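Scroll down for the structure; my scribbles are underneath it.
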Amino acid sequence: MSPIQSKNSSQDLLQAQVDLWHHALGFVKSMALKCAMELQIPNTIQHHGGAMTPSELAAKIGLHPSKLPRLRRLMRVLTVSGIFAVHESTTADKEAVYVLTPTTCLLVSDEVKSNLFPILSLMLDSTVLAPFFGMNSWFLDEHSTSLFKKAHGLTFWEMADKNDSYNQSINNAMVSDSNFLMDIILRECGDVFLGINSLIDVAGGHGGAASAIAKAFPQMKCTVLDLPHVVEEAPTDDHVSFISGDMFKYIPPADALFLKWVFHDWGDEDCVKILKKCKEAIPPREAGGKVIIVDMVVGSGPNEIVTRETQVFFDLFIMFLEGIEREEFEWKNVFMQAGFSEYKIISVLGVRSVIELYP
């Protein structure tokens with residue numbers, strides 16, 4: 001008997017084994033969700049009245065009868081993990097009936113602003129997942145390059161620049177996230193936009209966030225600044241104008257700047273550079289100048305294990321492109337280095353927060 005075994009009860013040892021297995025098998029939940037999305041299972045159930053038996057589902061998505069037992073196993077994982085719910089059937093064969101949950105509804109909503117399918121698809125894309133299989137060798141490599149570049153030979157943004165369909169999937173993901181989140185931001189903390197006459201959404205992609213702000217505040221002039229290849233593909237919007245440019249070189253003047261999920265893509269040095277350009281673009285605080293940031297503040301938000309785990313999971317996840325999710329003291333350090341005087345964190349967005357930053 002090993003020293004570890006002699007110091008612990010059998011139940012302690014078995015629980016430790018379960019904990020290790022549970023951790024090691026965590027990827028199964030992600031892959032099960034990815035499979036269900038690619039098989040269009042959520043949409044199929046929704047279009048079938050919101051409830052289906054395994055047999056009905058297998059037939060509808062075109063599975064061979066031999067795959068029906070495997071489908072049941074897939075759906076069992078997704079019901080145990082809360083993606084779907086299962087009801088007992090009232091029919092003679094007693095087949096289970098799968099139904100949507102509030103979580104699944106975010107993948108099938110007919111309302112564009114509530115559909116998170118595009119951003120989940122990007123997060124689960126093989127190009128994003130593959131770099132993590134080489135994370136150990138990346139840690140041992142003394143050369144400073146991203147996980148993504150080590151795996152693919154070019155950075156995430158270089159791939160987007162070279163591949164139109166990949167660039168479109170990224171833009172669709174960002175619009176998806178903006179459409180979902182902006183409705184909540186405007187409802188929960190819309191006061192941060194009061195009194196602003198002009199606003200630039202820096203690195204605002206296809207203008208999902210800026211469009212939502214412009215519609216909520218018609219008197220505000222809203223503009224999106226992003227790279228040329230992004231602006232070229234941007235849809236026409238009567239409420240928002242688009243400017244091609246590089247935020248590291250120049251940000252046009254405005255009363256306020258809005259940056260949603262931008263800073264987590266960059267290290268501290270680059271964030272300071274961006275913020276210095278932001279400071280040059282806005283008027284003094286007394287004249288209403290400020291920067292509005294939507295990003296993660298690790299440790300803020302609901303004090304629940306799922307929130308804390310999601311924040312630190314995402315911090316490690318975003319490392320694939322050399323990104324980082326920051327704790328408050330890390331944010332403060334970046335703000336002060338860039339010459340800003342004060343900030344306010346509003347933690348009303350689940351794992352993310354709104355930060356008002358003043359010159």
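By order of appearance in the structure tokens: chains A, B, ..., then residues from 1 within every chain, and ligands from 1 in the order shown.
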Set the distance at 9 Å and use only C-alpha atoms: which residues neighbour Met174 in chain A once local chain neighbours fewer than 2 positions away are removed? I'd like the list as number ranges by chain. A: 118-119, 169-172, 176-179, 204-206, 208
Requested write-out: N, CA and C atoms of the selected residues, as a short mmCIF file (atom, residue, chain, number, x, y, z; two decimals), in the first residue's frame:
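Written out: part_9.cif:
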data_model
loop_
_atom_site.label_atom_id
_atom_site.label_comp_id
_atom_site.auth_asym_id
_atom_site.auth_seq_id
_atom_site.Cartn_x
_atom_site.Cartn_y
_atom_site.Cartn_z
N PRO A 118 -23.44 31.57 -33.70
CA PRO A 118 -22.20 31.91 -34.40
C PRO A 118 -20.98 32.00 -33.49
N ILE A 119 -21.13 32.58 -32.30
CA ILE A 119 -19.95 32.72 -31.45
C ILE A 119 -19.57 31.38 -30.80
N SER A 169 -16.75 34.37 -40.50
CA SER A 169 -17.21 33.63 -39.31
C SER A 169 -16.85 34.39 -38.04
N ILE A 170 -15.68 35.06 -38.03
CA ILE A 170 -15.29 35.88 -36.88
C ILE A 170 -16.24 37.06 -36.74
N ASN A 171 -16.51 37.74 -37.85
CA ASN A 171 -17.41 38.89 -37.80
C ASN A 171 -18.81 38.47 -37.37
N ASN A 172 -19.28 37.34 -37.87
CA ASN A 172 -20.61 36.84 -37.47
C ASN A 172 -20.64 36.54 -35.97
N SER A 176 -22.97 38.42 -33.34
CA SER A 176 -23.83 37.58 -32.50
C SER A 176 -23.70 37.97 -31.03
N ASP A 177 -22.46 38.12 -30.57
CA ASP A 177 -22.23 38.49 -29.17
C ASP A 177 -22.75 39.89 -28.88
N SER A 178 -22.51 40.82 -29.81
CA SER A 178 -22.97 42.20 -29.61
C SER A 178 -24.48 42.27 -29.56
N ASN A 179 -25.14 41.59 -30.47
CA ASN A 179 -26.60 41.62 -30.50
C ASN A 179 -27.20 41.11 -29.20
N GLY A 204 -14.96 47.96 -33.80
CA GLY A 204 -16.37 47.58 -33.65
C GLY A 204 -16.91 46.63 -34.70
N GLY A 205 -16.02 46.08 -35.53
CA GLY A 205 -16.46 45.07 -36.50
C GLY A 205 -17.52 45.56 -37.45
N HIS A 206 -18.61 44.82 -37.53
CA HIS A 206 -19.69 45.15 -38.46
C HIS A 206 -20.77 46.03 -37.83
N GLY A 208 -22.49 45.91 -34.86
CA GLY A 208 -23.63 45.41 -34.08
C GLY A 208 -23.87 46.21 -32.83
#
Could you list, as a ChimeraX atom specification, every residue within 10 Å of range 295-307 of chain A, counting only C-alpha atoms and ignoring same-chain residues fewer than 6 positions away? /A:259-264,313-315,324-331,345-355
Identify all residues of range 125-169 of chain A in helix (DSSP H, G or I) (DSSP on the backbone) and supply them as number ranges by chain. A: 126-140, 147-152, 156-162, 164-169
What is the CA of Pro359 in chain A to CA of Asp183 in chain A distance in Å? 27.3 Å
Would you kindly return, as a ChimeraX atom specification, each protein, DNA or RNA residue with an atom no farther than 10 Å from any atom of Trp157 in chain A, considering only C-alpha atoms and excluding same-chain residues fewer than 2 positions away? /A:148-149,154-155,159-163,166-167,170,321
Let's have the selection written as a compact mmCIF listing (two decimals), in the first residue's frame, with N, CA, C and O atoms.
# COMPACT_ATOMS: atom_id res chain seq x y z
N PHE A 148 -1.85 29.78 -31.35
CA PHE A 148 -2.48 29.66 -32.67
C PHE A 148 -1.41 29.65 -33.77
O PHE A 148 -1.44 28.81 -34.68
N LYS A 149 -0.46 30.57 -33.68
CA LYS A 149 0.58 30.64 -34.71
C LYS A 149 1.48 29.42 -34.68
O LYS A 149 1.92 28.93 -35.72
N LEU A 154 0.53 30.98 -38.72
CA LEU A 154 0.14 32.38 -38.82
C LEU A 154 -0.81 32.71 -37.67
O LEU A 154 -1.40 31.81 -37.08
N THR A 155 -0.93 33.99 -37.36
CA THR A 155 -1.77 34.37 -36.22
C THR A 155 -3.25 34.26 -36.59
O THR A 155 -3.62 34.15 -37.76
N MET A 159 -4.85 34.84 -40.30
CA MET A 159 -5.72 33.88 -40.98
C MET A 159 -7.02 34.55 -41.42
O MET A 159 -7.52 34.30 -42.52
N ALA A 160 -7.56 35.41 -40.56
CA ALA A 160 -8.78 36.13 -40.91
C ALA A 160 -8.55 37.03 -42.12
O ALA A 160 -9.42 37.16 -42.99
N ASP A 161 -7.37 37.65 -42.19
CA ASP A 161 -7.04 38.56 -43.29
C ASP A 161 -6.88 37.81 -44.61
O ASP A 161 -7.20 38.33 -45.68
N LYS A 162 -6.42 36.57 -44.53
CA LYS A 162 -6.15 35.79 -45.74
C LYS A 162 -7.32 34.92 -46.19
O LYS A 162 -7.37 34.49 -47.34
N ASN A 163 -8.23 34.64 -45.28
CA ASN A 163 -9.33 33.71 -45.57
C ASN A 163 -10.66 34.41 -45.38
O ASN A 163 -11.08 34.69 -44.25
N TYR A 166 -13.26 32.61 -43.19
CA TYR A 166 -12.87 32.62 -41.78
C TYR A 166 -13.11 34.00 -41.18
O TYR A 166 -13.62 34.13 -40.06
N ASN A 167 -12.78 35.03 -41.94
CA ASN A 167 -13.02 36.40 -41.50
C ASN A 167 -14.51 36.63 -41.27
O ASN A 167 -14.91 37.26 -40.29
N ILE A 170 -15.68 35.06 -38.03
CA ILE A 170 -15.29 35.88 -36.88
C ILE A 170 -16.24 37.06 -36.74
O ILE A 170 -16.73 37.36 -35.64
N LEU A 321 -4.58 33.23 -28.70
CA LEU A 321 -4.14 34.34 -29.53
C LEU A 321 -3.35 35.38 -28.74
O LEU A 321 -3.24 36.54 -29.11
Ala212 in chain A environment, 12 Å, only C-alpha atoms, sequence neighbours closer than 6 positions dropped, as a short mmCIF file (atom, residue, chain, number, x, y, z; two decimals) with N, CA, C and O atoms, in the first residue's frame:
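Below is the file out05.cif, written as the result:
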data_model
loop_
_atom_site.label_atom_id
_atom_site.label_comp_id
_atom_site.auth_asym_id
_atom_site.auth_seq_id
_atom_site.Cartn_x
_atom_site.Cartn_y
_atom_site.Cartn_z
N LYS A 113 -30.96 38.92 -32.14
CA LYS A 113 -30.26 39.44 -30.98
C LYS A 113 -30.12 38.42 -29.86
O LYS A 113 -29.41 38.68 -28.88
N VAL A 175 -20.77 39.90 -34.09
CA VAL A 175 -22.10 40.50 -34.21
C VAL A 175 -23.09 39.74 -33.34
O VAL A 175 -23.93 40.33 -32.66
N SER A 178 -22.51 40.82 -29.81
CA SER A 178 -22.97 42.20 -29.61
C SER A 178 -24.48 42.27 -29.56
O SER A 178 -25.06 42.96 -28.70
N ASN A 179 -25.14 41.59 -30.47
CA ASN A 179 -26.60 41.62 -30.50
C ASN A 179 -27.20 41.11 -29.20
O ASN A 179 -28.18 41.65 -28.69
N PHE A 180 -26.58 40.06 -28.66
CA PHE A 180 -27.07 39.50 -27.40
C PHE A 180 -26.78 40.43 -26.23
O PHE A 180 -27.65 40.74 -25.43
N LEU A 181 -25.52 40.89 -26.14
CA LEU A 181 -25.08 41.60 -24.96
C LEU A 181 -25.57 43.05 -24.92
O LEU A 181 -25.90 43.57 -23.84
N MET A 182 -25.64 43.70 -26.07
CA MET A 182 -25.99 45.12 -26.07
C MET A 182 -27.41 45.36 -25.55
O MET A 182 -27.66 46.37 -24.87
N ASP A 183 -28.32 44.47 -25.84
CA ASP A 183 -29.68 44.61 -25.33
C ASP A 183 -29.67 44.62 -23.80
O ASP A 183 -30.38 45.41 -23.16
N ILE A 184 -28.83 43.79 -23.21
CA ILE A 184 -28.72 43.72 -21.76
C ILE A 184 -27.99 44.95 -21.20
O ILE A 184 -28.39 45.52 -20.19
N ILE A 185 -26.91 45.36 -21.89
CA ILE A 185 -26.17 46.54 -21.44
C ILE A 185 -27.08 47.77 -21.42
O ILE A 185 -27.11 48.52 -20.44
N LEU A 186 -27.84 47.97 -22.48
CA LEU A 186 -28.71 49.14 -22.58
C LEU A 186 -29.82 49.08 -21.54
O LEU A 186 -30.28 50.12 -21.05
N ARG A 187 -30.26 47.88 -21.20
CA ARG A 187 -31.31 47.74 -20.21
C ARG A 187 -30.78 47.90 -18.78
O ARG A 187 -31.43 48.51 -17.94
N GLY A 190 -27.73 51.52 -19.23
CA GLY A 190 -27.79 52.46 -20.34
C GLY A 190 -27.41 53.87 -19.95
O GLY A 190 -27.07 54.69 -20.82
N PHE A 193 -24.39 55.96 -21.30
CA PHE A 193 -24.39 56.62 -22.61
C PHE A 193 -25.10 57.97 -22.59
O PHE A 193 -25.12 58.67 -23.61
N ASP A 201 -17.12 53.42 -31.85
CA ASP A 201 -16.95 52.03 -31.44
C ASP A 201 -15.63 51.55 -32.03
O ASP A 201 -15.53 51.28 -33.23
N GLY A 204 -14.96 47.96 -33.80
CA GLY A 204 -16.37 47.58 -33.65
C GLY A 204 -16.91 46.63 -34.70
O GLY A 204 -18.13 46.40 -34.75
N HIS A 206 -18.61 44.82 -37.53
CA HIS A 206 -19.69 45.15 -38.46
C HIS A 206 -20.77 46.03 -37.83
O HIS A 206 -21.86 46.18 -38.38
N PRO A 218 -30.96 58.12 -30.45
CA PRO A 218 -30.98 58.63 -31.83
C PRO A 218 -30.20 59.92 -32.03
O PRO A 218 -29.76 60.22 -33.15
N MET A 220 -27.35 60.62 -30.87
CA MET A 220 -25.91 60.37 -30.82
C MET A 220 -25.38 60.00 -32.20
O MET A 220 -25.97 59.18 -32.91
N CYS A 222 -22.95 57.90 -34.11
CA CYS A 222 -22.18 56.67 -33.83
C CYS A 222 -21.36 56.26 -35.04
O CYS A 222 -21.88 56.19 -36.17
N THR A 223 -20.09 55.97 -34.80
CA THR A 223 -19.17 55.59 -35.86
C THR A 223 -18.40 54.35 -35.43
O THR A 223 -18.07 54.19 -34.25
N ASP A 237 -25.69 50.58 -42.96
CA ASP A 237 -26.48 50.88 -41.77
C ASP A 237 -26.80 52.36 -41.75
O ASP A 237 -25.90 53.21 -41.75
N ASP A 238 -28.09 52.69 -41.73
CA ASP A 238 -28.52 54.08 -41.75
C ASP A 238 -28.16 54.82 -40.47
O ASP A 238 -28.13 56.06 -40.44
N HIS A 239 -27.90 54.08 -39.40
CA HIS A 239 -27.66 54.71 -38.10
C HIS A 239 -26.19 54.84 -37.76
O HIS A 239 -25.83 55.55 -36.82
N VAL A 240 -25.32 54.14 -38.51
CA VAL A 240 -23.90 54.07 -38.15
C VAL A 240 -23.04 54.32 -39.39
O VAL A 240 -23.35 53.83 -40.47
#
All residues 7 Å or closer to Asn197 in chain A, only C-alpha atoms, same chain fewer than 4 positions away omitted, as a VMD selection string: chain A and resid 219 to 221 255
List the spatial neighbours of Ser81 in chain A as a ChimeraX atom specification - criterion: any atom at most 12 Å away, only C-alpha atoms, same-chain residues fewer than 3 positions off excluded. /A:26,28-30,32-33,74-78,84-86,101,103-104
Preceding selection exported with N, CA and C atoms as a short mmCIF file (atom, residue, chain, number, x, y, z; two decimals), in the first residue's frame:
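Dumped everything to out.cif:
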data_model
loop_
_atom_site.label_atom_id
_atom_site.label_comp_id
_atom_site.auth_asym_id
_atom_site.auth_seq_id
_atom_site.Cartn_x
_atom_site.Cartn_y
_atom_site.Cartn_z
N GLY A 26 -13.66 16.51 -19.11
CA GLY A 26 -14.40 17.75 -19.32
C GLY A 26 -14.59 18.10 -20.77
N VAL A 28 -15.43 16.25 -23.11
CA VAL A 28 -16.55 15.52 -23.69
C VAL A 28 -17.79 16.41 -23.78
N LYS A 29 -18.01 17.25 -22.77
CA LYS A 29 -19.15 18.17 -22.81
C LYS A 29 -19.05 19.12 -24.00
N SER A 30 -17.85 19.67 -24.22
CA SER A 30 -17.66 20.59 -25.35
C SER A 30 -17.89 19.89 -26.68
N ALA A 32 -19.63 17.16 -27.24
CA ALA A 32 -21.03 16.78 -27.37
C ALA A 32 -21.86 17.97 -27.84
N LEU A 33 -21.58 19.15 -27.27
CA LEU A 33 -22.29 20.36 -27.69
C LEU A 33 -21.96 20.70 -29.14
N LEU A 74 -25.32 10.32 -26.64
CA LEU A 74 -24.97 11.72 -26.83
C LEU A 74 -25.95 12.63 -26.09
N MET A 75 -27.23 12.34 -26.26
CA MET A 75 -28.26 13.18 -25.64
C MET A 75 -28.27 13.02 -24.12
N ARG A 76 -27.85 11.88 -23.64
CA ARG A 76 -27.77 11.70 -22.18
C ARG A 76 -26.73 12.65 -21.59
N VAL A 77 -25.58 12.77 -22.26
CA VAL A 77 -24.56 13.72 -21.80
C VAL A 77 -25.12 15.14 -21.79
N LEU A 78 -25.83 15.48 -22.85
CA LEU A 78 -26.34 16.85 -22.99
C LEU A 78 -27.50 17.15 -22.06
N PHE A 84 -30.01 20.13 -22.72
CA PHE A 84 -31.40 19.75 -23.00
C PHE A 84 -32.02 19.21 -21.71
N ALA A 85 -33.33 19.10 -21.71
CA ALA A 85 -34.04 18.43 -20.62
C ALA A 85 -34.71 17.19 -21.20
N VAL A 86 -35.04 16.25 -20.36
CA VAL A 86 -35.69 15.02 -20.82
C VAL A 86 -36.95 14.79 -20.00
N THR A 101 -34.05 23.78 -23.31
CA THR A 101 -33.93 24.49 -22.04
C THR A 101 -33.66 25.96 -22.35
N THR A 103 -31.04 27.47 -21.86
CA THR A 103 -29.69 27.49 -22.44
C THR A 103 -29.73 27.18 -23.93
N THR A 104 -30.42 26.12 -24.30
CA THR A 104 -30.49 25.72 -25.70
C THR A 104 -31.21 26.77 -26.54
#
Kindly indicate which residue among A:Thr44, A:Val312, A:Ser137, A:Arg73 lies nearest to Ala59 in chain A, using only C-alpha atoms for the distances.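 Looking at the shortest contact to Ala59 in chain A, the residue is A:Thr44.
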Any chance you could list, as a list in words, the residues in range 67-157 of chain A that come up strand (DSSP E) when DSSP is run on the backbone?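 Result set for range 67-157 of chain A (strand (DSSP E)): Phe84, Ala85, Val86, His87, Val97, Tyr98, Val99 and Leu100 of chain A.
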What does the distance between CA of Leu106 in chain A and CA of Leu39 in chain A come to in Å, to one decimal place?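 It comes out at 16.3 Å.
For the residues A:Ala216, A:Ala173, A:Met123, A:Leu257, ranking by smallest atom-to-atom distance to Ala203 in chain A using only C-alpha atoms places A:Leu257 first.
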Report as a Markdown table the residues of range 221-287 of chain A within 8 Å of range 335-341 of chain A, each with its shortest atom pair and distance in Å (one decimal), using only C-alpha atoms, ordered by chain and increasing residue number.
| residue | atom | partner | partner_atom | distance |
| --- | --- | --- | --- | --- |
| A:Val272 | CA | A:Ala338 | CA | 5.1 |
| A:Lys273 | CA | A:Ala338 | CA | 7.3 |
| A:Leu275 | CA | A:Ala338 | CA | 5.8 |
| A:Lys276 | CA | A:Ala338 | CA | 5.3 |
| A:Lys279 | CA | A:Phe340 | CA | 7.7 |
File of the preceding selection, N, CA, C and O atoms, as an mmCIF file, in the first residue's frame:
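Writing done, so here's selection_16.cif:
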data_model
loop_
_atom_site.group_PDB
_atom_site.id
_atom_site.type_symbol
_atom_site.label_atom_id
_atom_site.label_comp_id
_atom_site.auth_asym_id
_atom_site.auth_seq_id
_atom_site.Cartn_x
_atom_site.Cartn_y
_atom_site.Cartn_z
ATOM 1 N N VAL A 272 -1.851 49.629 -23.311
ATOM 2 C CA VAL A 272 -1.446 50.983 -22.946
ATOM 3 C C VAL A 272 -1.357 51.862 -24.199
ATOM 4 O O VAL A 272 -1.800 53.021 -24.196
ATOM 5 N N LYS A 273 -0.819 51.312 -25.277
ATOM 6 C CA LYS A 273 -0.727 52.067 -26.530
ATOM 7 C C LYS A 273 -2.113 52.454 -27.036
ATOM 8 O O LYS A 273 -2.346 53.597 -27.450
ATOM 9 N N LEU A 275 -4.892 52.705 -25.282
ATOM 10 C CA LEU A 275 -5.520 53.643 -24.352
ATOM 11 C C LEU A 275 -4.940 55.046 -24.479
ATOM 12 O O LEU A 275 -5.658 56.048 -24.307
ATOM 13 N N LYS A 276 -3.670 55.156 -24.782
ATOM 14 C CA LYS A 276 -3.083 56.482 -24.999
ATOM 15 C C LYS A 276 -3.701 57.143 -26.228
ATOM 16 O O LYS A 276 -3.943 58.362 -26.237
ATOM 17 N N LYS A 279 -7.069 58.352 -25.156
ATOM 18 C CA LYS A 279 -6.985 59.570 -24.349
ATOM 19 C C LYS A 279 -6.812 60.798 -25.243
ATOM 20 O O LYS A 279 -7.340 61.874 -24.949
#
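Each of A:Val224, A:Leu147, A:Val230, A:Leu100 was checked against Glu322 in chain A using only C-alpha atoms; the smallest atom-to-atom distance is that of A:Leu147.
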Between A:Leu122, A:Ala234, A:Tyr358, A:Val108, which residue has the minimum interatomic distance to Ala287 in chain A, considering only C-alpha atoms?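 Checking each candidate against Ala287 in chain A, we get A:Tyr358 as the closest.
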Among listed residues A:Cys189, A:Val294, A:Met52, A:Met247, nearest Glu95 in chain A (using only C-alpha atoms):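 Closest to Glu95 in chain A, using only C-alpha atoms: A:Met52.
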